[in-house]
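Just below is one structure, and these are the notes that go with it.
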Amino acid sequence: MAVASSSPTARRHERLGGWVERAGRMPFLTSIVISILLALLSAAVLPTVPSYDPWSWIVWGREVFDPHLSFFVGGGPSWKPLPFGFTTVYGLFGHLAPTLWVITARVGGILAVIAAYRLGSLLVRNGRGDEVQSWEPIVAGLFAAAGILLTQDWFYYMFRGTSEPMLVGLSLWAIDRHLAGRHVLAFILMVGASLIRPEWWPFVFLYGIWLFRHNPRLWPMIIVGWLLIPFGWFVPPWVSTGQPLLAATHAKAYNGHLGSDPFVEVMRRAADLQVIPSLVFAVVALVITWFKERDRVILGLGAVAAAWWVLVVGMTLDGYPGLERFFLPAAAVICVLGGVGVARAARLVGDWVGARAAGGAGDGAGGPSRALWVAGGVALLLVLVSIPFTISRVNTARAAEPTAARAVTRLNQLSDAVAAAGYHQRVYPCHSSFAAVNHGVQTALAWKLHVSLERVGTSMRHQGVMFVGPWDSIDGGPPDVNPLLTSKQLIARAGPWSIYKMTQPGHDNPCVGR
């Protein structure tokens with residue numbers, strides 16, 4: 001008798017099981033696919049507009065292939081090679097480039113949250129085998145992922161397409177892939193992170209040496225990776241402006257508002273970047289590990305976070321601005337360790353209660369069961385106790401979406417203002433023509449007027465066209481005006497934007513727009 005074939009439902013279940021199994025064998029690739037889908041969905045349903053720095057990378061990317069523009073990376077924020085690599089490709093897609101970049105940045109941020117969950121779950125199990133209760137990896141992973149989401153300005157970064165979420169994603173996945181034995185991929189991810197933040201440079205150099213000692217045949221890849229870092233940071237600015245150290249010059253010129261004691265201020269910023277519970281429980285994880293297990297991975301991650309702090313503090317004392325976001329990779333590691341600390345502290349209390357119960361007269365059989373319930377209850381209590389310390393960050397996160405929506409509206413109105421002014425042709429009748437705008441949207445206006453950043457100022461230095469917005473957190477303060485420019489002629493209005501022709505009486509210039 002012939003054996004009946006399996007039902008369609010059974011075959012679907014078999015195929016689904018096969019997909020799940022293959023996804024489990026390729027966690028990084030699977031996470032990338034999930035992150036891309038979620039980032040695409042976010043661009044469709046959430047406000048999507050770059051902030052100041054990303055607009056500059058998008059402008060520079062367009063300049064590479066546009067025959068009507070010169071490649072000039074001065075006049076804007078600090079140079080970052082990895083975002084520029086993406087925006088150069090996206091420049092081929094015209095008006096879609098800004099949205100494509102924001103989607104890319106969000107992919108990096110979603111990858112960061114996934115990696116934090118994975119690492120928290122992995123580290124709490126590391127070397128403990130069957131001793132781990134089923135709830136421990138879940139609590140550790142969720143606490144770590146929540147810590148990432150509650151780092152300072154995380155949702156602003158995600159909505160506005162900054163490079164920080166991508167930096168955190170590359171950093172955490174480099175750690176994840178190293179622990180999984182995928183050392184080549186870990187090195188590549190480190191190189192990518194080094195093209196966003198220079199603090200990564202010594203780490204990728206040391207990792208390359210370690211990788212070479214373990215597999216000398218990889219030396220060509222290691223050398224190429226090392227060389228790519230100085231090439232990316234120094235060569236494009238050198239070609240564009242003749243200044244290979246332009247990124248460092250811009251960074252040092254930025255006012256970090258460090259006050260009278262930069263060391264105290266930068267340390268305060270480092271501690272304040274992640275929420276207090278993440279920092280406290282990270283210390284708890286390190287203390288428990290040091291005295292009970294001596295887990296080299298957890299202690300090593302603590303050393304990496306401390307070394308990152310030392311680097312940023314040292315660079316700050318050398319004249320760099322010491323902004324909170326410079327500590328983000330270390331903060332991400334602290335969030336992961338915080339998740340481990342919550343789970344391990346709860347389990348430690350549970351084990352202590354279980355041991356006490358087992359030692360009681362006639363109560364030995366109930367010890368393990370009681371320990372399990374106590375540990376779970378302590379974990380829940382620790383999470384609940386942490387919530388009041390996160391309220392301000394939650395409120396800030398909730399405000400990110402309406403703020404981004406206002407930014408979308410404001411920049412759409414700026415596009416209307418460009419149209420009212422006559423677009424590029426009327427604003428820039430000559431190659432020497434000039435325009436200025438509120439400092440927060442200088443880079444966005446350069447994109448909309450199809451010029452390089454040097455032709456859009458944040459002060460009205462000489463005759464030209466001036467765009468003036470409402471002066472708030474979205475577009476920043478209005479341009480300063482040269483006192484010689486006493487003739488101010490209103491050209492047009494578009495929503496909250498006013499466009500003026502600024503001239504110096506008696507010095508007629510046919511190259512002044514409009």
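To be explicit about the labels: the chains of the structure tokens are called A, B, and onward in the order shown, and within each one the residues are counted from 1, while ligands get numbers from 1 in the order they are shown.
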Quick one: everything within 6 Å of Ser498 in chain A, counting only C-alpha atoms, minus sequence neighbours fewer than 5 positions away in the same chain. Send it as a list in words.
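In the requested format, the answer is Phe467, Val468 and Arg493 of chain A.
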File of the preceding selection, N, CA and C atoms, as a CSV table (one decimal), in the first residue's frame:
```
chain,number,residue,atom,x,y,z
A,467,PHE,N,17.8,83.6,3.9
A,467,PHE,CA,16.6,82.9,4.3
A,467,PHE,C,16.5,83.0,5.8
A,468,VAL,N,15.4,83.4,6.3
A,468,VAL,CA,15.3,83.5,7.8
A,468,VAL,C,14.0,82.8,8.2
A,493,ARG,N,7.9,85.3,0.8
A,493,ARG,CA,7.6,84.5,2.0
A,493,ARG,C,7.0,83.1,1.6
```
Would you list the contacts of Gly120 in chain A as number ranges by chain, taking every protein, DNA or RNA residue within 12 Å and counting only C-alpha atoms, but skipping same-chain residues closer than 2 positions in sequence?
A: 113-118, 122-126, 136-148, 172, 175-176, 278, 282, 285, 297-298, 301, 332-344
DSSP on the backbone: what in range 346-487 of chain A comes out strand (DSSP E), as a PyMOL selection string?
chain A and resi 435-436+456-457+459-460+464-468+480-481+487
For Trp101 in chain A: contacts at 9 Å, only C-alpha atoms, fewer than 3 positions along chain excluded, given as a list in words
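So, after excluding close chain neighbours, the residues are Pro50, Pro54, Ile58, Pro83, Phe86, Thr87, Tyr90, Leu96, Ala97, Pro98, Thr104, Ala105, Arg106 and Gly161 of chain A.
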Residues as selected, N, CA, C and O atoms, written as an mmCIF file, in the first residue's frame, can you do that?
```
data_model
loop_
_atom_site.group_PDB
_atom_site.id
_atom_site.type_symbol
_atom_site.label_atom_id
_atom_site.label_comp_id
_atom_site.auth_asym_id
_atom_site.auth_seq_id
_atom_site.Cartn_x
_atom_site.Cartn_y
_atom_site.Cartn_z
ATOM 1 N N PRO A 50 16.678 64.016 7.542
ATOM 2 C CA PRO A 50 17.999 64.086 8.182
ATOM 3 C C PRO A 50 18.139 65.326 9.059
ATOM 4 O O PRO A 50 17.409 66.314 8.910
ATOM 5 N N PRO A 54 23.921 64.746 8.892
ATOM 6 C CA PRO A 54 23.598 63.875 7.745
ATOM 7 C C PRO A 54 23.356 64.639 6.450
ATOM 8 O O PRO A 54 23.731 64.151 5.371
ATOM 9 N N ILE A 58 25.121 63.899 2.781
ATOM 10 C CA ILE A 58 24.311 63.705 1.572
ATOM 11 C C ILE A 58 24.743 64.691 0.479
ATOM 12 O O ILE A 58 24.839 64.333 -0.700
ATOM 13 N N PRO A 83 29.646 57.154 6.564
ATOM 14 C CA PRO A 83 28.419 57.730 6.007
ATOM 15 C C PRO A 83 28.615 58.253 4.594
ATOM 16 O O PRO A 83 27.739 58.094 3.733
ATOM 17 N N PHE A 86 28.230 55.595 1.935
ATOM 18 C CA PHE A 86 26.838 55.294 1.593
ATOM 19 C C PHE A 86 26.219 56.410 0.756
ATOM 20 O O PHE A 86 25.558 56.152 -0.259
ATOM 21 N N THR A 87 26.414 57.660 1.184
ATOM 22 C CA THR A 87 25.736 58.757 0.493
ATOM 23 C C THR A 87 26.303 58.989 -0.901
ATOM 24 O O THR A 87 25.610 59.568 -1.744
ATOM 25 N N TYR A 90 24.163 56.734 -2.799
ATOM 26 C CA TYR A 90 22.796 57.252 -2.822
ATOM 27 C C TYR A 90 22.673 58.523 -3.659
ATOM 28 O O TYR A 90 21.572 58.860 -4.119
ATOM 29 N N LEU A 96 15.958 60.880 -3.790
ATOM 30 C CA LEU A 96 15.738 59.808 -2.814
ATOM 31 C C LEU A 96 16.895 59.671 -1.831
ATOM 32 O O LEU A 96 16.766 58.970 -0.825
ATOM 33 N N ALA A 97 18.013 60.323 -2.113
ATOM 34 C CA ALA A 97 19.215 60.145 -1.292
ATOM 35 C C ALA A 97 18.981 60.428 0.191
ATOM 36 O O ALA A 97 19.417 59.627 1.038
ATOM 37 N N PRO A 98 18.314 61.522 0.568
ATOM 38 C CA PRO A 98 18.112 61.751 2.006
ATOM 39 C C PRO A 98 17.335 60.633 2.701
ATOM 40 O O PRO A 98 17.714 60.193 3.790
ATOM 41 N N THR A 104 19.147 53.782 6.107
ATOM 42 C CA THR A 104 20.394 53.077 6.407
ATOM 43 C C THR A 104 20.797 53.282 7.861
ATOM 44 O O THR A 104 21.198 52.331 8.547
ATOM 45 N N ALA A 105 20.697 54.516 8.338
ATOM 46 C CA ALA A 105 21.041 54.792 9.731
ATOM 47 C C ALA A 105 20.119 54.026 10.679
ATOM 48 O O ALA A 105 20.562 53.505 11.714
ATOM 49 N N ARG A 106 18.850 53.939 10.333
ATOM 50 C CA ARG A 106 17.906 53.210 11.192
ATOM 51 C C ARG A 106 18.176 51.709 11.171
ATOM 52 O O ARG A 106 17.983 51.027 12.188
ATOM 53 N N GLY A 161 18.478 60.327 11.416
ATOM 54 C CA GLY A 161 19.483 59.741 10.540
ATOM 55 C C GLY A 161 20.919 60.062 10.887
ATOM 56 O O GLY A 161 21.773 60.156 9.994
#
```
Env of range 231-235 of chain A: 12 Å cut, atoms = only C-alpha atoms, seq-sep filter 4 positions within chain, self excluded. Answer as a count of residues only.
32
What's the 10 Å shell around Met190 in chain A, counting only C-alpha atoms, without same-chain residues fewer than 4 positions away, as a ChimeraX atom specification?
/A:167,170-175,184-186,194-195,200-201,203-205,207-208,225
Quick one, how far is CA of Gly109 in chain A from CA of Thr443 in chain A?
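Computing the Euclidean distance for CA of Gly109 in chain A and CA of Thr443 in chain A yields 23.1 Å.
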Straight-line distance linking CA of Arg269 in chain A with CA of Val312 in chain A, stated in Å to one decimal
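Calculated distance between CA of Arg269 in chain A and CA of Val312 in chain A is 10.9 Å.
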Using only C-alpha atoms, which residue out of A:Phe28, A:Arg160, A:Thr151, A:Pro216 lies closest to Ala180 in chain A?
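Nearest to Ala180 in chain A: A:Phe28.
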Please provide as a short mmCIF file (atom, residue, chain, number, x, y, z; two decimals) with N, CA, C and O atoms, in the first residue's frame all residues within 12 Å of Leu258 in chain A, with the sequence filter that same-chain residues fewer than 6 positions apart are discarded (counting only C-alpha atoms).
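Printed below is out_18.cif as written:
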```
data_model
loop_
_atom_site.label_atom_id
_atom_site.label_comp_id
_atom_site.auth_asym_id
_atom_site.auth_seq_id
_atom_site.Cartn_x
_atom_site.Cartn_y
_atom_site.Cartn_z
N VAL A 264 35.86 66.93 35.09
CA VAL A 264 34.63 66.63 35.84
C VAL A 264 33.43 66.61 34.91
O VAL A 264 32.57 65.72 35.00
N GLU A 265 33.37 67.56 34.00
CA GLU A 265 32.21 67.64 33.11
C GLU A 265 32.15 66.45 32.16
O GLU A 265 31.08 65.88 31.94
N VAL A 266 33.28 66.05 31.59
CA VAL A 266 33.24 64.95 30.64
C VAL A 266 32.94 63.63 31.35
O VAL A 266 32.26 62.74 30.80
N MET A 267 33.39 63.47 32.59
CA MET A 267 33.05 62.28 33.36
C MET A 267 31.56 62.26 33.69
O MET A 267 30.92 61.19 33.67
N ARG A 268 31.02 63.43 34.01
CA ARG A 268 29.57 63.49 34.26
C ARG A 268 28.80 63.09 33.02
O ARG A 268 27.81 62.36 33.10
N ARG A 269 29.24 63.55 31.86
CA ARG A 269 28.57 63.20 30.62
C ARG A 269 28.65 61.70 30.34
O ARG A 269 27.68 61.09 29.88
N VAL A 313 38.10 60.75 27.47
CA VAL A 313 38.50 61.75 28.46
C VAL A 313 39.86 62.34 28.07
O VAL A 313 40.07 63.56 28.12
N THR A 316 39.45 64.67 25.25
CA THR A 316 38.79 65.90 25.70
C THR A 316 39.80 66.84 26.36
O THR A 316 39.81 68.05 26.10
N LEU A 317 40.66 66.29 27.21
CA LEU A 317 41.67 67.12 27.86
C LEU A 317 42.69 67.65 26.86
O LEU A 317 43.37 68.64 27.14
N GLY A 319 41.73 68.87 24.02
CA GLY A 319 41.10 69.95 23.28
C GLY A 319 39.87 69.58 22.49
O GLY A 319 39.25 70.45 21.87
N TYR A 320 39.47 68.30 22.48
CA TYR A 320 38.27 67.89 21.76
C TYR A 320 37.03 68.15 22.62
O TYR A 320 37.14 68.28 23.85
N PRO A 321 35.85 68.23 22.01
CA PRO A 321 34.68 68.73 22.75
C PRO A 321 34.10 67.79 23.79
O PRO A 321 33.32 68.23 24.63
N GLY A 322 34.40 66.50 23.77
CA GLY A 322 33.94 65.59 24.81
C GLY A 322 32.43 65.47 24.91
O GLY A 322 31.87 65.45 26.01
N LEU A 323 31.75 65.35 23.78
CA LEU A 323 30.29 65.26 23.78
C LEU A 323 29.84 63.90 24.29
O LEU A 323 30.56 62.89 24.17
N GLU A 324 28.61 63.84 24.80
CA GLU A 324 28.08 62.58 25.34
C GLU A 324 28.12 61.46 24.32
O GLU A 324 28.47 60.32 24.63
#
```
